[in-house]
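For reference, work-v6.cif is printed below; it contains mmCIF, C-alpha atoms.
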data_final
#
loop_
_atom_site.label_atom_id
_atom_site.label_comp_id
_atom_site.auth_asym_id
_atom_site.auth_seq_id
_atom_site.Cartn_x
_atom_site.Cartn_y
_atom_site.Cartn_z
CA MET A 1 8.72 26.06 -33.77
CA SER A 2 7.05 29.37 -32.83
CA ALA A 3 7.71 31.08 -29.51
CA LEU A 4 4.13 30.34 -28.43
CA SER A 5 4.67 26.61 -28.99
CA LYS A 6 7.72 26.28 -26.74
CA PRO A 7 5.86 26.04 -23.41
CA ARG A 8 3.28 23.73 -25.01
CA GLU A 9 6.05 21.52 -26.32
CA ALA A 10 7.67 21.39 -22.87
CA ALA A 11 4.34 20.44 -21.28
CA LEU A 12 3.78 17.83 -23.99
CA LYS A 13 7.16 16.19 -23.41
CA ALA A 14 6.55 16.01 -19.65
CA LEU A 15 3.10 14.45 -20.10
CA VAL A 16 4.42 11.89 -22.56
CA LEU A 17 7.25 10.94 -20.21
CA CYS A 18 4.69 10.31 -17.46
CA GLU A 19 2.46 8.20 -19.68
CA LYS A 20 5.13 6.20 -21.53
CA ASP A 21 7.86 5.85 -18.92
CA GLY A 22 5.99 6.25 -15.64
CA ALA A 23 7.97 9.39 -14.76
CA TYR A 24 6.80 11.66 -11.96
CA LEU A 25 5.32 14.80 -13.49
CA ASN A 26 7.04 17.27 -11.16
CA ILE A 27 10.45 15.68 -11.80
CA ALA A 28 9.89 15.41 -15.57
CA LEU A 29 8.86 19.08 -15.68
CA ARG A 30 11.85 20.18 -13.63
CA ASP A 31 14.31 18.45 -15.95
CA ILE A 32 12.61 19.57 -19.18
CA LEU A 33 12.31 23.21 -18.08
CA HIS A 34 15.96 23.19 -17.02
CA ASP A 35 16.97 22.25 -20.57
CA ALA A 36 14.37 24.36 -22.41
CA ASN A 37 16.02 27.73 -21.68
CA MET A 38 12.72 29.63 -21.50
CA ASP A 39 11.90 32.73 -19.48
CA ALA A 40 9.95 32.62 -16.23
CA ARG A 41 6.64 33.41 -17.96
CA ASP A 42 6.97 30.51 -20.41
CA ASN A 43 8.08 28.18 -17.61
CA ALA A 44 4.95 29.14 -15.68
CA LEU A 45 2.72 28.46 -18.71
CA ALA A 46 4.36 25.08 -19.37
CA THR A 47 3.86 24.11 -15.73
CA ALA A 48 0.24 25.30 -15.71
CA LEU A 49 -0.51 23.29 -18.88
CA ALA A 50 1.13 20.05 -17.73
CA MET A 51 -0.26 20.18 -14.21
CA GLY A 52 -3.67 21.31 -15.43
CA VAL A 53 -3.94 18.52 -17.98
CA MET A 54 -2.98 15.91 -15.39
CA LYS A 55 -5.49 17.28 -12.86
CA ASN A 56 -8.26 17.08 -15.49
CA VAL A 57 -7.13 14.10 -17.56
CA LEU A 58 -10.34 12.04 -17.31
CA PHE A 59 -12.50 15.13 -17.95
CA LEU A 60 -10.46 15.96 -21.07
CA ASP A 61 -10.47 12.37 -22.32
CA ASN A 62 -14.23 12.23 -21.97
CA ILE A 63 -14.55 15.22 -24.31
CA ILE A 64 -12.10 13.75 -26.83
CA GLU A 65 -13.91 10.42 -26.75
CA ASN A 66 -17.22 12.12 -27.53
CA LEU A 67 -15.79 14.14 -30.45
CA SER A 68 -13.39 11.69 -32.09
CA THR A 69 -14.23 8.81 -34.40
CA ILE A 70 -10.88 7.28 -33.44
CA LYS A 71 -10.77 5.39 -30.13
CA LEU A 72 -8.47 6.85 -27.50
CA LYS A 73 -6.35 3.70 -27.33
CA LYS A 74 -5.68 4.04 -31.08
CA LEU A 75 -4.25 7.56 -30.74
CA SER A 76 -0.51 8.00 -30.47
CA VAL A 77 0.58 9.21 -27.04
CA TRP A 78 1.82 12.44 -28.65
CA ILE A 79 -1.40 13.31 -30.48
CA HIS A 80 -3.49 12.29 -27.49
CA ASN A 81 -1.65 14.71 -25.22
CA ILE A 82 -1.65 17.49 -27.80
CA LEU A 83 -5.45 17.23 -27.84
CA ARG A 84 -5.54 17.28 -24.03
CA ILE A 85 -3.37 20.41 -23.94
CA GLY A 86 -5.53 22.17 -26.54
CA ILE A 87 -8.84 21.37 -24.85
CA TYR A 88 -7.47 22.22 -21.42
CA SER A 89 -6.45 25.64 -22.80
CA HIS A 90 -9.98 26.16 -24.18
CA ARG A 91 -11.71 25.19 -20.96
CA PHE A 92 -9.43 26.55 -18.24
CA LEU A 93 -7.10 29.26 -19.61
CA ASP A 94 -8.20 32.57 -21.10
CA ARG A 95 -4.88 34.23 -21.83
CA VAL A 96 -4.52 32.91 -25.40
CA PRO A 97 -7.30 33.06 -28.04
CA VAL A 98 -8.79 29.76 -29.21
CA SER A 99 -7.45 30.29 -32.73
CA ALA A 100 -3.89 30.70 -31.44
CA THR A 101 -4.18 27.58 -29.29
CA VAL A 102 -5.46 25.54 -32.23
CA ASN A 103 -2.68 26.81 -34.51
CA GLU A 104 0.04 26.01 -31.99
CA CYS A 105 -1.33 22.52 -31.32
CA VAL A 106 -1.54 21.87 -35.08
CA ARG A 107 2.14 22.82 -35.37
CA LEU A 108 2.98 20.33 -32.63
CA ALA A 109 0.90 17.67 -34.39
CA ARG A 110 2.89 18.17 -37.60
CA ARG A 111 6.10 17.73 -35.63
CA TYR A 112 5.12 14.74 -33.50
CA GLY A 113 2.46 12.99 -35.58
CA HIS A 114 1.82 11.49 -39.01
CA SER A 115 0.88 13.44 -42.15
CA SER A 116 -2.85 13.33 -41.31
CA SER A 117 -2.40 14.24 -37.64
CA ALA A 118 -2.49 18.02 -38.13
CA GLY A 119 -5.91 17.94 -39.82
CA PHE A 120 -7.29 15.60 -37.17
CA VAL A 121 -6.06 17.80 -34.31
CA ASN A 122 -7.40 20.92 -36.03
CA ALA A 123 -10.86 19.36 -36.47
CA ILE A 124 -11.15 18.03 -32.90
CA LEU A 125 -9.97 21.23 -31.25
CA ARG A 126 -12.29 23.43 -33.31
CA LYS A 127 -15.25 21.23 -32.42
CA ALA A 128 -14.16 21.16 -28.76
CA ALA A 129 -14.06 24.96 -28.61
CA SER A 130 -17.85 25.13 -28.88
CA SER A 131 -18.86 21.73 -27.49
CA GLU A 132 -20.47 20.86 -24.20
CA ASP A 133 -18.55 19.08 -21.42
CA PHE A 134 -20.37 15.75 -21.98
CA LEU A 135 -20.72 15.17 -18.22
CA PRO A 136 -23.16 12.47 -17.05
CA SER A 137 -26.67 13.80 -16.40
CA ASP A 138 -26.90 12.29 -12.90
CA LYS A 139 -25.02 14.95 -10.95
CA GLY A 140 -23.43 13.71 -7.77
CA SER A 141 -23.12 10.12 -8.98
CA ASP A 142 -19.80 8.31 -8.72
CA LYS A 143 -19.36 8.49 -12.51
CA TYR A 144 -20.16 12.21 -12.61
CA ILE A 145 -17.64 13.04 -9.88
CA SER A 146 -15.04 10.70 -11.41
CA ILE A 147 -15.19 12.47 -14.78
CA LYS A 148 -15.66 16.03 -13.55
CA TYR A 149 -12.76 15.89 -11.09
CA SER A 150 -10.68 13.24 -12.91
CA LEU A 151 -10.52 10.70 -10.12
CA PRO A 152 -10.65 6.91 -10.50
CA THR A 153 -14.02 5.49 -9.49
CA TRP A 154 -12.54 3.35 -6.69
CA LEU A 155 -11.22 6.52 -5.06
CA VAL A 156 -14.53 8.34 -5.44
CA GLU A 157 -16.35 5.37 -3.89
CA MET A 158 -13.89 5.21 -0.99
CA TRP A 159 -14.10 8.91 -0.16
CA LYS A 160 -17.87 9.12 -0.56
CA GLY A 161 -18.12 6.12 1.76
CA GLU A 162 -16.02 8.04 4.30
CA GLY A 163 -18.41 10.99 4.12
CA TYR A 164 -16.54 13.45 1.91
CA SER A 165 -18.69 15.82 -0.16
CA GLU A 166 -18.20 17.44 -3.58
CA ASP A 167 -16.36 20.49 -2.22
CA PHE A 168 -13.58 18.13 -1.09
CA PHE A 169 -13.30 16.61 -4.57
CA ALA A 170 -13.28 20.07 -6.15
CA ALA A 171 -10.53 21.29 -3.81
CA LEU A 172 -8.20 18.51 -5.00
CA ASN A 173 -7.98 20.25 -8.39
CA LEU A 174 -7.26 23.75 -7.09
CA ASP A 175 -3.79 25.30 -7.13
CA PRO A 176 -2.22 25.00 -3.65
CA PRO A 177 -0.49 27.92 -1.95
CA VAL A 178 3.31 27.99 -1.85
CA THR A 179 3.82 27.65 1.90
CA VAL A 180 7.23 28.12 3.50
CA ARG A 181 8.65 27.97 6.99
CA LEU A 182 10.82 30.73 8.38
CA ASN A 183 14.09 29.15 9.52
CA THR A 184 14.92 30.94 12.74
CA LEU A 185 18.34 29.29 12.82
CA LYS A 186 19.30 31.71 10.05
CA CYS A 187 16.69 34.48 9.78
CA SER A 188 14.27 36.43 11.97
CA ALA A 189 12.02 38.25 9.45
CA LEU A 190 10.78 38.02 5.86
CA PRO A 191 9.76 40.75 3.36
CA GLU A 192 6.22 41.54 2.19
CA GLU A 193 6.09 38.92 -0.58
CA PHE A 194 5.92 36.37 2.25
CA GLN A 195 2.50 36.67 3.92
CA LYS A 196 2.32 35.46 7.54
CA ILE A 197 -0.05 32.61 8.35
CA PRO A 198 -1.48 33.58 11.78
CA SER A 199 -2.10 30.01 12.93
CA LEU A 200 1.51 28.89 12.32
CA PRO A 201 4.42 30.30 14.38
CA HIS A 202 6.82 30.09 11.46
CA GLY A 203 4.44 29.70 8.48
CA TYR A 204 4.19 32.03 5.47
CA ASN A 205 2.63 31.91 2.00
CA TYR A 206 4.90 33.08 -0.80
CA THR A 207 3.11 35.51 -3.12
CA GLY A 208 6.06 36.85 -5.09
CA GLY A 209 6.79 36.21 -8.75
CA GLY A 210 8.66 33.19 -10.09
CA SER A 211 9.76 30.13 -8.19
CA VAL A 212 10.36 30.53 -4.47
CA GLU A 213 13.45 28.34 -4.87
CA ASN A 214 15.05 31.12 -6.95
CA THR A 215 14.78 33.65 -4.13
CA SER A 216 17.81 34.60 -2.07
CA PHE A 217 15.91 33.58 1.08
CA TYR A 218 15.63 30.00 -0.15
CA LYS A 219 19.20 29.82 -1.43
CA ASP A 220 20.73 31.04 1.82
CA GLY A 221 18.56 28.74 3.95
CA SER A 222 16.38 31.43 5.52
CA ILE A 223 13.26 29.51 4.47
CA ALA A 224 12.21 25.95 3.76
CA VAL A 225 9.28 24.97 1.54
CA GLN A 226 6.94 23.15 3.91
CA ASP A 227 3.15 22.84 3.80
CA GLY A 228 1.21 24.17 6.76
CA ALA A 229 -0.08 20.71 7.66
CA SER A 230 3.45 19.39 8.02
CA GLN A 231 4.35 22.32 10.25
CA MET A 232 1.28 21.68 12.44
CA ALA A 233 2.26 18.05 12.87
CA ILE A 234 5.75 18.92 14.10
CA MET A 235 4.28 21.42 16.55
CA ALA A 236 2.10 18.57 17.88
CA LEU A 237 5.26 16.56 18.59
CA ASP A 238 5.93 19.11 21.37
CA VAL A 239 9.74 19.09 21.30
CA LYS A 240 11.70 20.98 23.95
CA LYS A 241 15.33 22.04 24.21
CA ASP A 242 17.96 19.36 24.83
CA MET A 243 15.64 16.49 23.94
CA ARG A 244 16.70 13.45 21.94
CA VAL A 245 14.37 12.99 18.94
CA LEU A 246 14.08 10.21 16.34
CA ASP A 247 12.70 10.82 12.84
CA LEU A 248 12.23 7.32 11.44
CA CYS A 249 11.27 8.05 7.80
CA SER A 250 13.04 11.34 7.26
CA ALA A 251 13.73 11.98 3.57
CA PRO A 252 13.93 14.65 2.27
CA GLY A 253 14.56 16.00 5.77
CA GLY A 254 12.06 18.87 6.09
CA LYS A 255 10.48 17.66 9.32
CA ALA A 256 13.84 16.80 10.87
CA ALA A 257 15.04 20.32 10.06
CA TYR A 258 12.00 21.85 11.75
CA ILE A 259 12.54 19.68 14.81
CA ALA A 260 16.16 20.86 14.95
CA GLN A 261 14.98 24.46 14.65
CA LEU A 262 12.53 24.06 17.55
CA LEU A 263 15.36 22.51 19.58
CA GLU A 264 17.49 25.56 18.69
CA ASN A 265 20.20 23.11 17.57
CA SER A 266 20.36 21.65 21.09
CA GLY A 267 19.88 18.01 22.04
CA GLU A 268 20.08 15.48 19.22
CA VAL A 269 17.98 14.49 16.22
CA ILE A 270 18.50 11.10 14.58
CA SER A 271 17.29 11.31 10.98
CA CYS A 272 16.77 7.94 9.24
CA ASP A 273 15.88 6.55 5.84
CA ILE A 274 16.02 3.07 4.35
CA HIS A 275 17.42 4.25 1.00
CA GLU A 276 21.10 5.11 0.94
CA HIS A 277 20.75 7.54 -2.00
CA LYS A 278 18.26 9.63 0.02
CA LEU A 279 20.66 10.15 2.89
CA GLU A 280 22.68 12.63 0.83
CA LEU A 281 19.49 14.55 0.03
CA ILE A 282 18.72 14.82 3.75
CA LYS A 283 22.26 15.97 4.53
CA ASN A 284 22.16 18.63 1.81
CA ASN A 285 18.86 20.03 3.08
CA LEU A 286 20.06 20.10 6.68
CA SER A 287 23.30 21.78 5.65
CA ARG A 288 21.49 24.52 3.68
CA LEU A 289 19.29 25.23 6.69
CA GLY A 290 22.16 25.43 9.18
CA VAL A 291 21.18 22.36 11.20
CA ALA A 292 24.01 21.23 13.47
CA ASN A 293 22.45 18.78 15.95
CA THR A 294 21.27 16.05 13.56
CA LYS A 295 22.86 12.71 12.71
CA VAL A 296 21.74 11.05 9.43
CA ILE A 297 21.82 7.25 9.35
CA GLN A 298 20.51 4.43 7.18
CA ASN A 299 17.83 2.37 8.93
CA ASP A 300 14.93 0.15 7.93
CA ALA A 301 11.94 1.37 9.95
CA THR A 302 10.09 -1.95 9.51
CA VAL A 303 12.85 -3.82 11.39
CA LYS A 304 13.18 -3.33 15.14
CA ASN A 305 16.44 -1.59 16.03
CA GLU A 306 17.67 -2.74 19.45
CA ALA A 307 19.87 0.35 19.81
CA PHE A 308 16.79 2.58 19.68
CA LEU A 309 14.73 0.86 22.40
CA GLU A 310 13.29 3.43 24.84
CA ALA A 311 16.09 5.81 23.87
CA PHE A 312 14.15 8.90 22.72
CA ASP A 313 12.07 11.65 24.29
CA ARG A 314 10.16 12.12 21.05
CA VAL A 315 9.66 9.77 18.07
CA LEU A 316 8.23 10.77 14.70
CA ALA A 317 6.81 8.06 12.43
CA ASP A 318 5.94 9.95 9.23
CA VAL A 319 5.22 6.72 7.40
CA PRO A 320 5.22 5.93 3.66
CA CYS A 321 1.64 6.37 2.45
CA SER A 322 -0.59 6.52 -0.60
CA GLY A 323 0.03 10.28 -0.91
CA LEU A 324 -3.62 10.95 -1.74
CA GLY A 325 -3.53 14.16 0.29
CA VAL A 326 -1.11 15.88 -2.09
CA LEU A 327 -3.10 15.47 -5.32
CA ARG A 328 -3.06 19.25 -5.77
CA ARG A 329 0.74 19.18 -6.00
CA LYS A 330 1.26 15.76 -7.58
CA PRO A 331 -1.82 15.13 -9.74
CA ASP A 332 -0.33 12.08 -11.46
CA ILE A 333 -0.77 10.17 -8.18
CA ARG A 334 -4.47 9.77 -9.01
CA LEU A 335 -3.64 7.55 -11.98
CA ASN A 336 -0.78 5.60 -10.40
CA LYS A 337 -2.49 4.19 -7.32
CA SER A 338 -4.69 1.15 -6.83
CA PRO A 339 -6.62 -0.34 -3.89
CA LEU A 340 -4.18 -3.27 -3.85
CA ALA A 341 -1.16 -0.99 -3.46
CA ASN A 342 -2.98 0.79 -0.64
CA GLU A 343 -3.45 -2.51 1.21
CA GLN A 344 0.26 -3.31 0.90
CA LEU A 345 1.16 0.08 2.37
CA VAL A 346 -1.10 -0.43 5.37
CA LYS A 347 0.91 -3.47 6.47
CA ILE A 348 4.17 -1.48 6.30
CA GLN A 349 2.63 1.44 8.20
CA ARG A 350 1.49 -0.80 11.04
CA GLU A 351 4.97 -2.37 11.32
CA ILE A 352 6.66 1.04 11.48
CA LEU A 353 4.22 2.37 14.09
CA GLU A 354 4.72 -0.74 16.22
CA ASN A 355 8.51 -0.37 16.13
CA ALA A 356 8.33 3.39 16.71
CA SER A 357 6.40 2.84 19.94
CA CYS A 358 9.27 0.73 21.31
CA TYR A 359 11.71 3.62 20.90
CA VAL A 360 9.81 6.09 23.12
CA LYS A 361 10.99 6.63 26.67
CA LYS A 362 8.41 6.32 29.44
CA GLY A 363 6.81 9.75 29.67
CA GLY A 364 7.91 10.49 26.10
CA LYS A 365 5.73 11.24 23.06
CA LEU A 366 5.09 9.54 19.73
CA LEU A 367 3.70 11.15 16.56
CA TYR A 368 2.23 9.15 13.68
CA SER A 369 1.60 11.05 10.43
CA THR A 370 0.71 10.57 6.77
CA CYS A 371 0.12 12.85 3.80
CA THR A 372 -3.06 11.04 2.82
CA VAL A 373 -6.83 11.02 3.29
CA ALA A 374 -7.70 7.35 3.80
CA ARG A 375 -9.33 5.88 6.87
CA ASN A 376 -7.46 2.56 6.71
CA GLU A 377 -4.11 4.40 6.74
CA ASN A 378 -5.13 6.93 9.38
CA GLU A 379 -8.01 6.55 11.84
CA ASP A 380 -8.03 2.73 11.65
CA ALA A 381 -4.29 2.61 12.36
CA ILE A 382 -4.70 4.77 15.46
CA LYS A 383 -7.67 2.75 16.73
CA GLU A 384 -5.78 -0.53 16.33
CA PHE A 385 -2.67 0.87 17.98
CA SER A 386 -4.61 2.30 20.94
CA GLU A 387 -6.39 -1.00 21.55
CA LYS A 388 -3.10 -2.88 21.47
CA HIS A 389 -1.11 -0.38 23.57
CA PRO A 390 -2.92 0.77 26.72
CA ASP A 391 0.43 2.16 27.89
CA PHE A 392 0.06 4.96 25.30
CA THR A 393 -2.46 7.77 25.78
CA LEU A 394 -3.88 9.41 22.65
CA LEU A 395 -3.42 13.17 23.03
CA GLU A 396 -4.59 14.50 19.66
CA GLU A 397 -5.87 13.12 16.36
CA ARG A 398 -6.45 15.36 13.34
CA GLN A 399 -7.30 14.98 9.64
CA LEU A 400 -6.44 18.14 7.70
CA LEU A 401 -8.20 18.79 4.38
CA PRO A 402 -7.58 21.19 1.46
CA ASN A 403 -11.20 22.38 1.33
CA LYS A 404 -11.35 23.17 5.07
CA ASP A 405 -7.79 23.97 6.14
CA ASN A 406 -6.20 25.13 2.84
CA THR A 407 -3.42 22.64 3.44
CA ASP A 408 -2.51 19.33 1.91
CA GLY A 409 -4.62 16.39 2.98
CA PHE A 410 -2.63 15.33 6.04
CA PHE A 411 -3.23 13.23 9.15
CA TYR A 412 -1.43 13.12 12.46
CA ALA A 413 -1.97 11.60 15.88
CA SER A 414 0.14 12.17 18.99
CA PHE A 415 0.54 9.84 21.96
CA GLU A 416 2.20 9.98 25.36
CA ARG A 417 3.78 6.86 26.84
CA LYS A 418 2.63 6.42 30.41
#
The structure in this file should be written as structure tokens.
Amino acid sequence: MSALSKPREAALKALVLCEKDGAYLNIALRDILHDANMDARDNALATALAMGVMKNVLFLDNIIENLSTIKLKKLSVWIHNILRIGIYSHRFLDRVPVSATVNECVRLARRYGHSSSAGFVNAILRKAASSEDFLPSDKGSDKYISIKYSLPTWLVEMWKGEGYSEDFFAALNLDPPVTVRLNTLKCSALPEEFQKIPSLPHGYNYTGGGSVENTSFYKDGSIAVQDGASQMAIMALDVKKDMRVLDLCSAPGGKAAYIAQLLENSGEVISCDIHEHKLELIKNNLSRLGVANTKVIQNDATVKNEAFLEAFDRVLADVPCSGLGVLRRKPDIRLNKSPLANEQLVKIQREILENASCYVKKGGKLLYSTCTVARNENEDAIKEFSEKHPDFTLLEERQLLPNKDNTDGFFYASFERK
């Protein structure tokens, strides 16, 4: 296997794991790159290929379908993804000549396909290098947007019905910034590779080379990776020193850590999750960041906890959601969701919000948040809650969007209990 093929092979393995075994792309990539022993440049190329293919999977498949005499469902998962990688390189990357891309993909086809696979891959990729995109002629139609931005039609229909335009769909395929939060429990300033975000008290974009998690600032707990939208939501919770705060759905602990930071390690934060194996993840994150005022406990947020009733100054209900706001970071979400699953989540979200409201002291505040862009999970939930609970005053309601705010798609609403 040539040196050029190594990052392509790593991307291929990650994509196949997602398709065959239902693995999460970011986790599959992390594990494969850990074992591949490549340098930072090759790791970056492998990541760009895998993430890029997944962000454009329907667009790429449309091209393959128009050029191949073999139906997509007849292709082996290996050859199918080799073709996707090759065409993605043609269309979106300009660092490697077309001839080199074709040659490397042919090598992969010989390794992971049948005897005739190499010739088939060679023919399709050479035709694709000079072909059109085969997009529908009716620009702006649901089918056009679905193929161009690789989104299932039900999602396109939902978002168009909610008033979102093409710039929103386009933004979902852009590369997101690497946003971090300065952890003032451990550090007071960051070097120039961290660019300050003026609208966020502790927000920075990392512009240095390599992974931010390999920097000394991450390893010693001086920073936490946290999108700007998440930071804004915690600011809206309006915590003050010595308060008692409940984070109902806490894993992996980023929001709880920020709450503890704003409390300056005073008061108390109760950090909860239903899954026992996630509690250790929360504890490890809090430990790295120097958090000392937080207790981590197992708790089912859908079941009312009598010990929590009216016991907290602030309550955060960052509920499980469809995750449609983080498609830039987790592009495989677009192929793993369905309207039915969304409906099931809504029921859970309403239960958690209802319980969370019972835990807020009179005069205290409640924050509901999701990392999604879906009216039935966001605005509808707040409207229903407000109608049912006149004892809570809505203070702020905000839907953040990648095309307008350069953050993840994120929603939050804050209330005060009268």
- Message: Report as a VMD selection string all protein, DNA and RNA residues lying within 6 Å of range 175-187 of chain A, evaluated on only C-alpha atoms, omitting residues in the same chain fewer than 4 positions from it.
- Response: chain A and resid 202 to 206 222 to 227
- Message: Since I can't run it myself right now, could you work out what the PyMOL selection byres ((chain A and resi 365) around 12) selects here and report it as a PyMOL selection string?
- Response: chain A and resi 234+236-240+243-246+310-317+356-364+366-368+391-396+413-418
- Provide the CA of Val373 in chain A to CA of Gln298 in chain A distance in Å, to one decimal place.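 CA of Gln298 in chain A lies 28.4 Å from CA of Val373 in chain A.
Closest approach to Ala257 in chain A among A:Lys143, A:Lys73, A:Lys295, A:Arg398 is made by A:Lys295 (distances from all atoms listed in the file).
Look at Trp154 in chain A: the protein and nucleic acid residues within 10 Å of it, using all atoms listed in the file and passing over chain neighbours fewer than 6 places away, are Asp142, Ser146, Lys160, Ser338 and Pro339 of chain A.
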- Query: Any idea what's packed within 12 Å of Lys74 in chain A, counting only C-alpha atoms, ignoring anything in its chain fewer than 6 positions away? Could you give it as a list in words?
  - Reply: Glu65, Ser68 and His80 of chain A
- Item | Between CA of Asp61 in chain A and CA of Gly163 in chain A - distance in Å to one decimal |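 So the answer is 27.6 Å.
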- Tell me which of A:Glu193, A:Asp133, A:Glu306, A:Asp242 sits closest to Ser266 in chain A, counting only C-alpha atoms.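 Answer, going by the shortest atom-to-atom distance: A:Asp242.
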- Given the file shown, determine the residues that the PyMOL selection byres ((chain A and resi 126) around 10) selects; report them as a ChimeraX atom specification. /A:86-87,90,98-99,101-102,121-125,127-131
- Nearest candidate to Pro198 in chain A (options A:Asn214, A:Gly228, A:Gly22, A:Leu327; using only C-alpha atoms):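 Ranked by minimum distance to Pro198 in chain A, first place goes to A:Gly228.
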- Task: Quick one: pull the distance between CA of Lys255 in chain A and CA of Ala50 in chain A, Å, one decimal.
- Result: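 Spanning CA of Lys255 in chain A to CA of Ala50 in chain A is a straight-line distance of 28.7 Å.
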- Query: In terms of the shortest atom-to-atom distance over only C-alpha atoms, which of A:Asn173, A:Ile82, A:Lys404, A:Lys330 is closest to Ala28 in chain A?
  - Reply: A:Lys330
- Quick one: apply the PyMOL selection byres ((chain A and resi 369) around 6) to the file and drop the selected residues here as a PyMOL selection string. chain A and resi 318+368+370+411-412
So that I can look at just that part, could you write range 157-174 of chain A with C-alpha atoms, as a JSON list (two decimals), in the first residue's frame?
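Here's the written file selection.json:
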[["chain", "number", "residue", "atom", "x", "y", "z"],
["A", 157, "GLU", "CA", -39.56, 19.26, 3.70],
["A", 158, "MET", "CA", -39.61, 19.90, 7.45],
["A", 159, "TRP", "CA", -37.07, 22.73, 7.35],
["A", 160, "LYS", "CA", -38.53, 24.37, 4.26],
["A", 161, "GLY", "CA", -41.91, 24.24, 5.99],
["A", 162, "GLU", "CA", -40.35, 26.05, 8.96],
["A", 163, "GLY", "CA", -39.06, 28.80, 6.68],
["A", 164, "TYR", "CA", -35.38, 27.92, 6.29],
["A", 165, "SER", "CA", -33.73, 28.97, 3.02],
["A", 166, "GLU", "CA", -30.93, 27.45, 0.93],
["A", 167, "ASP", "CA", -28.13, 29.27, 2.78],
["A", 168, "PHE", "CA", -29.13, 27.30, 5.90],
["A", 169, "PHE", "CA", -28.91, 23.99, 4.03],
["A", 170, "ALA", "CA", -25.54, 24.98, 2.55],
["A", 171, "ALA", "CA", -24.15, 25.93, 5.97],
["A", 172, "LEU", "CA", -24.82, 22.42, 7.29],
["A", 173, "ASN", "CA", -22.05, 21.11, 5.00],
["A", 174, "LEU", "CA", -19.41, 23.68, 5.92]]
